[in-house]
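Chemist: Structure supplied as entry02.cif; contents: mmCIF, C-alpha atoms and all ligand atoms.
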data_input
loop_
_atom_site.label_atom_id
_atom_site.label_comp_id
_atom_site.auth_asym_id
_atom_site.auth_seq_id
_atom_site.Cartn_x
_atom_site.Cartn_y
_atom_site.Cartn_z
CA MET D 6 -13.52 91.58 8.78
CA PRO D 7 -12.58 90.99 5.12
CA TYR D 8 -12.05 87.46 3.95
CA SER D 9 -10.07 86.65 0.86
CA PHE D 10 -12.33 85.72 -1.98
CA CYS D 11 -10.96 82.21 -2.26
CA ALA D 12 -11.29 81.75 1.49
CA SER D 13 -14.93 82.67 1.07
CA ILE D 14 -15.25 79.98 -1.53
CA ALA D 15 -13.68 77.52 0.88
CA LEU D 16 -16.37 78.59 3.32
CA VAL D 17 -19.07 77.85 0.78
CA PHE D 18 -17.49 74.47 0.11
CA ALA D 19 -17.61 73.77 3.84
CA LEU D 20 -21.24 74.87 3.90
CA ALA D 21 -22.02 72.58 1.01
CA LEU D 22 -20.45 69.73 2.96
CA VAL D 23 -22.80 70.42 5.86
CA LEU D 24 -25.75 70.71 3.49
CA ALA D 25 -24.71 67.49 1.79
CA GLY D 26 -25.12 65.76 5.14
CA THR D 27 -28.70 66.95 5.45
CA CYS D 28 -29.92 66.56 1.91
CA THR D 29 -28.99 63.02 0.98
CA GLN D 30 -31.97 61.11 -0.25
CA PRO D 31 -32.52 57.59 -1.47
CA VAL D 32 -32.16 57.42 -5.23
CA SER D 33 -32.42 53.71 -5.82
CA GLY D 34 -36.19 53.88 -6.31
CA HIS D 35 -35.75 56.50 -9.03
CA GLN D 36 -32.85 54.86 -10.74
CA HIS D 37 -34.88 52.50 -12.83
CA HIS D 38 -37.29 55.19 -13.97
CA ARG D 39 -34.47 57.60 -14.79
CA HIS D 40 -32.64 55.10 -16.91
CA ALA D 41 -35.76 54.23 -18.83
CA PHE D 42 -35.68 57.83 -20.06
CA SER D 43 -32.93 58.92 -22.50
CA PRO D 44 -30.02 58.06 -20.17
CA SER D 45 -27.44 58.90 -22.80
CA LEU D 46 -28.50 62.53 -23.32
CA GLU D 47 -28.28 63.39 -19.62
CA SER D 48 -24.58 62.72 -19.50
CA ILE D 49 -23.56 64.48 -22.72
CA VAL D 50 -21.59 67.69 -22.41
CA ALA D 51 -20.63 70.13 -25.17
CA LEU D 52 -17.44 69.50 -27.13
CA PRO D 53 -14.45 71.20 -25.48
CA THR D 54 -13.64 73.12 -28.67
CA LEU D 55 -16.77 75.30 -28.88
CA SER D 56 -17.28 79.00 -28.13
CA ILE D 57 -19.77 78.59 -25.28
CA ASN D 58 -21.20 81.90 -23.97
CA SER D 59 -19.25 83.56 -26.82
CA VAL D 60 -15.87 82.89 -25.19
CA PRO D 61 -13.47 81.51 -27.85
CA ILE D 62 -11.81 78.23 -26.95
CA ALA D 63 -8.37 79.83 -27.28
CA VAL D 64 -9.33 82.19 -24.45
CA ARG D 65 -10.51 79.29 -22.30
CA GLU D 66 -7.30 77.40 -23.02
CA GLY D 67 -5.37 80.48 -21.91
CA TRP D 68 -7.20 80.49 -18.58
CA MET D 69 -6.70 76.74 -18.18
CA ARG D 70 -2.97 77.33 -18.68
CA ARG D 71 -3.23 80.02 -16.01
CA ALA D 72 -4.66 77.38 -13.65
CA ASN D 73 -1.77 75.02 -14.46
CA ALA D 74 0.67 77.89 -13.94
CA ALA D 75 -0.77 78.50 -10.48
CA LEU D 76 0.90 75.25 -9.41
CA ALA D 77 4.36 76.65 -10.11
CA GLU D 78 3.43 80.03 -8.64
CA LEU D 79 1.84 78.84 -5.41
CA ALA D 80 3.40 75.40 -4.95
CA SER D 81 5.44 73.47 -7.55
CA PRO D 82 4.67 72.07 -11.02
CA CYS D 83 5.41 68.64 -9.54
CA THR D 84 3.34 69.00 -6.42
CA PHE D 85 1.68 65.62 -5.75
CA SER D 86 -1.90 66.89 -5.53
CA ALA D 87 -1.65 69.00 -8.66
CA PHE D 88 -5.16 70.47 -8.49
CA ALA D 89 -5.26 74.17 -9.32
CA SER D 90 -7.97 76.70 -10.17
CA VAL D 91 -8.54 80.23 -11.36
CA ILE D 92 -11.69 82.27 -11.02
CA VAL D 93 -12.40 84.57 -13.95
CA ASN D 94 -14.98 87.26 -14.65
CA HIS D 95 -16.16 86.73 -18.24
CA THR D 96 -19.15 89.04 -17.77
CA ALA D 97 -16.65 91.93 -17.75
CA SER D 98 -15.35 90.82 -21.18
CA ASP D 99 -15.12 87.66 -23.26
CA ALA D 100 -11.38 87.73 -22.64
CA GLY D 101 -12.12 87.67 -18.90
CA GLU D 102 -10.58 89.30 -15.85
CA LEU D 103 -8.66 87.34 -13.26
CA VAL D 104 -10.37 87.27 -9.86
CA CYS D 105 -8.13 84.83 -8.01
CA ILE D 106 -6.00 81.70 -8.31
CA GLY D 107 -5.71 78.80 -5.92
CA VAL D 108 -4.13 75.38 -5.48
CA ASN D 109 -5.07 72.40 -3.38
CA SER D 110 -3.37 73.62 -0.20
CA ASN D 111 -5.41 76.46 1.27
CA VAL D 112 -2.95 78.78 -0.46
CA ASN D 113 -4.85 81.33 -2.47
CA THR D 114 -4.32 84.80 -3.71
CA GLY D 115 -6.05 87.52 -5.66
CA PRO D 116 -6.94 91.18 -5.70
CA TYR D 117 -10.43 90.78 -4.22
CA LYS D 118 -11.37 91.10 -0.55
CA PHE D 119 -15.02 90.17 -0.19
CA THR D 120 -17.21 89.36 2.75
CA PRO D 121 -18.91 85.96 2.43
CA LYS D 122 -22.14 87.74 1.53
CA GLN D 123 -20.49 89.77 -1.23
CA ALA D 124 -18.75 86.64 -2.48
CA GLN D 125 -22.05 84.80 -2.66
CA ALA D 126 -23.53 87.62 -4.74
CA ALA D 127 -20.50 87.67 -7.05
CA PHE D 128 -20.58 83.97 -8.01
CA ALA D 129 -23.32 84.51 -10.60
CA ASP D 130 -20.83 86.64 -12.63
CA LEU D 131 -17.90 84.28 -12.35
CA SER D 132 -16.30 81.32 -14.10
CA LEU D 133 -14.29 78.69 -12.26
CA TYR D 134 -11.47 77.08 -14.28
CA THR D 135 -9.94 74.01 -12.71
CA ASN D 136 -7.31 71.73 -14.24
CA ALA D 137 -9.17 68.61 -13.08
CA GLU D 138 -12.83 67.74 -12.63
CA SER D 139 -13.99 68.49 -9.10
CA CYS D 140 -14.86 65.77 -6.64
CA PRO D 141 -18.62 65.45 -6.06
CA MET D 142 -18.37 67.51 -2.86
CA CYS D 143 -16.77 70.45 -4.67
CA ALA D 144 -19.05 70.04 -7.69
CA SER D 145 -21.93 70.36 -5.23
CA ALA D 146 -20.37 73.48 -3.75
CA ILE D 147 -19.98 74.94 -7.25
CA ARG D 148 -23.68 74.35 -7.85
CA TRP D 149 -24.72 75.75 -4.46
CA SER D 150 -22.51 78.79 -5.08
CA GLY D 151 -24.21 79.45 -8.41
CA PHE D 152 -21.04 79.98 -10.44
CA ARG D 153 -21.92 81.15 -13.94
CA GLU D 154 -19.56 78.62 -15.53
CA TYR D 155 -17.47 75.68 -14.40
CA ILE D 156 -14.70 74.60 -16.79
CA TYR D 157 -12.43 71.65 -16.15
CA GLY D 158 -9.55 69.91 -17.90
CA THR D 159 -8.71 66.36 -16.80
CA SER D 160 -11.80 64.23 -16.08
CA ILE D 161 -12.50 62.02 -13.06
CA ALA D 162 -12.51 59.09 -15.50
CA THR D 163 -8.95 59.95 -16.54
CA LEU D 164 -7.87 60.45 -12.92
CA ILE D 165 -9.21 56.97 -12.08
CA SER D 166 -7.40 55.41 -15.02
CA LEU D 167 -4.19 57.13 -13.86
CA GLY D 168 -4.47 55.54 -10.42
CA TRP D 169 -6.15 58.28 -8.38
CA ALA D 170 -8.64 57.23 -5.72
CA GLN D 171 -11.88 58.99 -6.60
CA ILE D 172 -15.52 58.95 -5.65
CA ARG D 173 -16.97 57.87 -8.98
CA ILE D 174 -19.59 60.55 -9.43
CA PRO D 175 -18.90 62.86 -12.37
CA SER D 176 -19.79 66.55 -12.08
CA ILE D 177 -22.41 66.17 -14.78
CA ASP D 178 -24.34 63.82 -12.48
CA VAL D 179 -24.26 66.43 -9.71
CA PHE D 180 -25.37 69.17 -12.11
CA GLU D 181 -28.04 66.98 -13.63
CA ARG D 182 -29.63 66.50 -10.21
CA SER D 183 -29.35 70.16 -9.16
CA PHE D 184 -31.99 71.84 -11.26
CA ASP D 185 -33.93 73.07 -8.20
CA LEU D 186 -31.01 75.30 -7.19
CA PRO D 187 -30.92 78.94 -8.33
CA ASN D 188 -28.35 80.34 -10.79
CA PRO D 189 -27.72 77.48 -13.22
CA SER D 190 -24.04 76.91 -14.01
CA ARG D 191 -22.75 76.00 -17.45
CA LEU D 192 -20.45 72.99 -17.37
CA ILE D 193 -17.61 72.86 -19.93
CA ALA D 194 -15.52 69.71 -19.80
CA GLY D 195 -12.23 68.51 -21.20
CA VAL D 196 -10.57 71.84 -21.99
CA LEU D 197 -6.83 71.56 -22.78
CA THR D 198 -6.54 68.02 -21.40
CA ASN D 199 -3.35 67.55 -23.45
CA GLU D 200 -1.74 70.03 -21.03
CA THR D 201 -3.64 69.26 -17.81
CA ASP D 202 -3.32 65.43 -17.90
CA PRO D 203 0.50 65.42 -17.57
CA PHE D 204 0.20 67.02 -14.11
CA PHE D 205 -1.74 63.95 -12.93
CA SER D 206 0.02 61.22 -14.96
CA TRP D 207 3.27 60.68 -13.05
CA GLN D 208 2.21 60.08 -9.45
CA PHE D 209 1.42 56.36 -9.81
CA ASP D 210 3.40 55.58 -12.96
CA PRO D 211 7.18 55.52 -12.54
CA SER D 212 7.59 55.34 -16.33
CA ALA D 213 5.59 58.53 -16.98
CA PRO D 214 7.46 61.74 -17.71
CA CYS D 215 7.47 64.46 -15.06
CA PRO D 216 5.77 67.80 -15.70
CA ALA D 217 7.97 70.45 -17.32
CA GLY D 218 10.49 71.83 -14.84
CA CYS D 219 10.59 68.59 -12.84
CA ALA D 220 12.72 65.45 -12.96
CA ARG D 221 12.47 61.91 -11.58
CA VAL D 222 14.01 61.23 -8.22
CA GLY D 223 13.15 57.58 -7.65
CA ALA D 224 9.37 57.19 -7.54
CA THR D 225 8.68 60.89 -7.35
CA CYS D 226 9.10 64.02 -9.45
CA ARG D 227 11.09 66.87 -7.97
CA LEU D 228 11.51 70.45 -9.01
CA VAL D 229 14.64 71.09 -11.07
CA GLU D 230 16.12 74.36 -9.88
CA ALA D 231 16.50 76.61 -12.91
CA ALA D 232 20.13 77.01 -13.94
CA GLY D 233 21.06 80.68 -14.23
CA GLY D 234 21.07 81.95 -17.83
CA ALA D 235 20.28 80.16 -21.08
C1 LIG R 301 -17.64 91.18 -13.19
O1 LIG R 301 -17.75 92.10 -14.23
C2 LIG R 301 -18.97 92.84 -14.24
C3 LIG R 301 -18.96 93.68 -15.51
O2 LIG R 301 -17.81 94.47 -15.60
C4 LIG R 301 -19.03 93.68 -12.98
O3 LIG R 301 -20.26 94.39 -12.96
C5 LIG R 301 -18.95 92.76 -11.77
O4 LIG R 301 -18.90 93.54 -10.59
C6 LIG R 301 -17.71 91.89 -11.86
N1 LIG R 301 -17.76 90.95 -10.76
C7 LIG R 301 -16.69 90.66 -10.03
C8 LIG R 301 -16.91 89.70 -8.92
O5 LIG R 301 -15.59 91.11 -10.27
C1 LIG R 302 -2.75 71.23 -26.67
O1 LIG R 302 -3.81 71.37 -27.58
C2 LIG R 302 -4.06 72.72 -27.97
C3 LIG R 302 -5.26 72.70 -28.88
O2 LIG R 302 -6.41 72.36 -28.18
C4 LIG R 302 -2.87 73.30 -28.65
O3 LIG R 302 -3.10 74.65 -28.97
C5 LIG R 302 -1.66 73.20 -27.74
O4 LIG R 302 -0.50 73.64 -28.42
C6 LIG R 302 -1.46 71.76 -27.28
N1 LIG R 302 -0.40 71.74 -26.28
C7 LIG R 302 0.72 71.03 -26.44
C8 LIG R 302 1.70 71.13 -25.33
O5 LIG R 302 0.92 70.34 -27.41
#
Would it be possible to restate this file's structure as C-alpha cells?

Modeler:
Amino acid sequence: MPYSFCASIALVFALALVLAGTCTQPVSGHQHHRHAFSPSLESIVALPTLSINSVPIAVREGWMRRANAALAELASPCTFSAFASVIVNHTASDAGELVCIGVNSNVNTGPYKFTPKQAQAAFADLSLYTNAESCPMCASAIRWSGFREYIYGTSIATLISLGWAQIRIPSIDVFERSFDLPNPSRLIAGVLTNETDPFFSWQFDPSAPCPAGCARVGATCRLVEAAGGA
C-alpha cells in the first residue's frame, strides 16, 4: 500500500523516537573531556550566505520562501505553530525539484508515493528546508534518515528568545554526536531568517506585527480575508 512521502518521513520520525528511547547514554563523564577540546569549533556552522554544495543562496532562499508559503497553502500564514517544510531534490539540479511540502499538522502533500523502504533509499538524494530549526527529536530523525542536506531559517535560540518553550539542544549538537550514522547530512543554518522569524514573533508578543495577510484580533493574529480586486 503506498504511503505519501511525507507520511513516510513521519514514520521515520516515529522510529527515531523509539530509537531515542533505547540509545540514550550518559554524557556527563565525557562532558569535561569534550570541552577541553576546541569546544568553539564544534558548534560553528557555515555562514547562511554561501553556495554550499554549489547551490546559490538565492536558490535556497527561494525554497525557504516555499516553506513559508506552505503555511498559507496548507493552513494559514498566522497559524500558531507556524512550522513548515519542503523537501527538495538538489541532486537532480542545483535549482532543485520539489518533492513535497508539509506543515506542523500532519497535513502534507506532494507528487511522490513511496513505500517506507523507497523513502528511506531516497533520503540520501534529498534536502529538507524548514522555516525553523528542528527540535532535537526531529533533528535526530533527520540524521537517522540520512537526508543529504538540512536547511533551516529561525534558530532554536531565536524561538526561545521569542517565548517558545523549547528543549535547548541545537541541531548542531545532535549532528555533532551522530558521526557513527551512515549518510552524513550537511547542516545549513539561518537561511532567510528576516522572512522566517516574523512567523514566530507574534505569538507571545502582543506588540509584534502579524505575518502578512493577518491582523491582530486581541492577543492573536487572524487571517484577513482577501478583498476582491485591487
Ligand atoms: C533526485 O534526482 C536524481 C537525479 O535526477 C534522481 O536520480 C533521483 O531519483 C531523484 N530522487 C528523488 C527522490 O526524486
Ligand atoms: C530578506 O533578506 C534577503 C537577503 O538575504 C533579501 O533578498 C530579502 O529581500 C529580504 N526580505 C525582506 C522581506 O526584506

Chemist: Which distance in Å separates atom C7 of ligand LIG 302 (chain R) and atom CA of Ala100 of chain D, to one decimal?

Modeler: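 Computing the Euclidean distance for atom C7 of ligand LIG 302 (chain R) and atom CA of Ala100 of chain D yields 21.0 Å.
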
Chemist: Using only C-alpha atoms and all ligand atoms, determine which residues fall within 10 Å of ligand LIG 302 (chain R), then list them as a ChimeraX atom specification.

Modeler: /D:53-54,62-63,65-67,70,195-201,203

Chemist: Throw together the list of residues within 9 Å of ligand LIG 301 (chain R), counting all atoms listed in the file, and drop it here as a CSV table (one decimal) with C-alpha atoms, in the coordinates of the input.

Modeler:
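File part.csv, as written:
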chain,number,residue,atom,x,y,z
D,93,VAL,CA,-12.4,84.6,-14.0
D,94,ASN,CA,-15.0,87.3,-14.6
D,95,HIS,CA,-16.2,86.7,-18.2
D,96,THR,CA,-19.2,89.0,-17.8
D,97,ALA,CA,-16.6,91.9,-17.8
D,98,SER,CA,-15.4,90.8,-21.2
D,101,GLY,CA,-12.1,87.7,-18.9
D,102,GLU,CA,-10.6,89.3,-15.8
D,103,LEU,CA,-8.7,87.3,-13.3
D,104,VAL,CA,-10.4,87.3,-9.9
D,117,TYR,CA,-10.4,90.8,-4.2
D,119,PHE,CA,-15.0,90.2,-0.2
D,123,GLN,CA,-20.5,89.8,-1.2
D,124,ALA,CA,-18.8,86.6,-2.5
D,126,ALA,CA,-23.5,87.6,-4.7
D,127,ALA,CA,-20.5,87.7,-7.0
D,128,PHE,CA,-20.6,84.0,-8.0
D,129,ALA,CA,-23.3,84.5,-10.6
D,130,ASP,CA,-20.8,86.6,-12.6
D,131,LEU,CA,-17.9,84.3,-12.4

Chemist: Quick one: distance from atom CA of Met142 of chain D to atom CA of Asp210 of chain D in Å, one decimal?

Modeler: 26.8 Å

Chemist: What is the atom CA of Phe180 of chain D-atom CA of Leu192 of chain D distance in Å, reported with one decimal?

Modeler: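 Interatomic distance here is 8.2 Å.
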
Chemist: Do a neighbour search on Ile156 of chain D at 7 Å with all atoms listed in the file, toss out local chain neighbours closer than 5 positions, and write the hits as a PyMOL selection string.

Modeler: chain D and resi 133-135+192-194

Chemist: Have a look at D:Ala144, D:Leu228, D:Ile177, D:Leu52 and name the one nearest to Leu76 of chain D; count all atoms listed in the file.

Modeler: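 Using all atoms listed in the file, the shortest distance to Leu76 of chain D belongs to D:Leu228.
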
Chemist: Taking (-23.2, 63.4, -8.8) as a centre in this file's frame and 9 Å as the limit, can you find every polymer residue with an atom that close, using all atoms listed in the file, and give them as a PyMOL selection string?

Modeler: chain D and resi 140-142+144-145+173-182

Chemist: Of the residues D:Trp149, D:Phe204, D:Ser212, D:Gly168, which is the one nearest to Leu186 of chain D, using all atoms listed in the file?

Modeler: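 Among D:Trp149, D:Phe204, D:Ser212, D:Gly168, it is D:Trp149 that comes nearest to Leu186 of chain D.
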
Chemist: Emit as AutoDock Vina command-line options the padded axis-aligned box for all listed atoms of segment 55-59 of chain D, 5 Å per side, with centre and edge lengths in Å to one decimal.

Modeler:
--center_x -19.0 --center_y 79.4 --center_z -26.4 --size_x 14.4 --size_y 18.3 --size_z 14.9

Chemist: Here is a test: counting all atoms listed in the file, which residue of D:Leu55, D:Val222, D:Ala74, D:Val91 is nearest to Trp207 of chain D?

Modeler: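 Looking at the shortest contact to Trp207 of chain D, the residue is D:Val222.
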
Chemist: Which residue gives the smallest distance to Val60 of chain D among D:Leu46, D:Arg191, D:Asp99, D:Asn73, with only C-alpha atoms counted?

Modeler: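 For Val60 of chain D, the nearest of the candidates is D:Asp99.
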
Chemist: With only C-alpha atoms as the atoms that count, which of D:Asp202, D:Ile161, D:Arg148, D:Ser81 lies nearest to Met69 of chain D?

Modeler: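 Using only C-alpha atoms, Met69 of chain D sits closest to D:Asp202.
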
Chemist: Which is closer to Ser206 of chain D than all the others in D:Ser183, D:Ser45, D:Ser86, D:Ser132, using only C-alpha atoms?

Modeler: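 Of D:Ser183, D:Ser45, D:Ser86, D:Ser132, the one nearest Ser206 of chain D, counting only C-alpha atoms, is D:Ser86.
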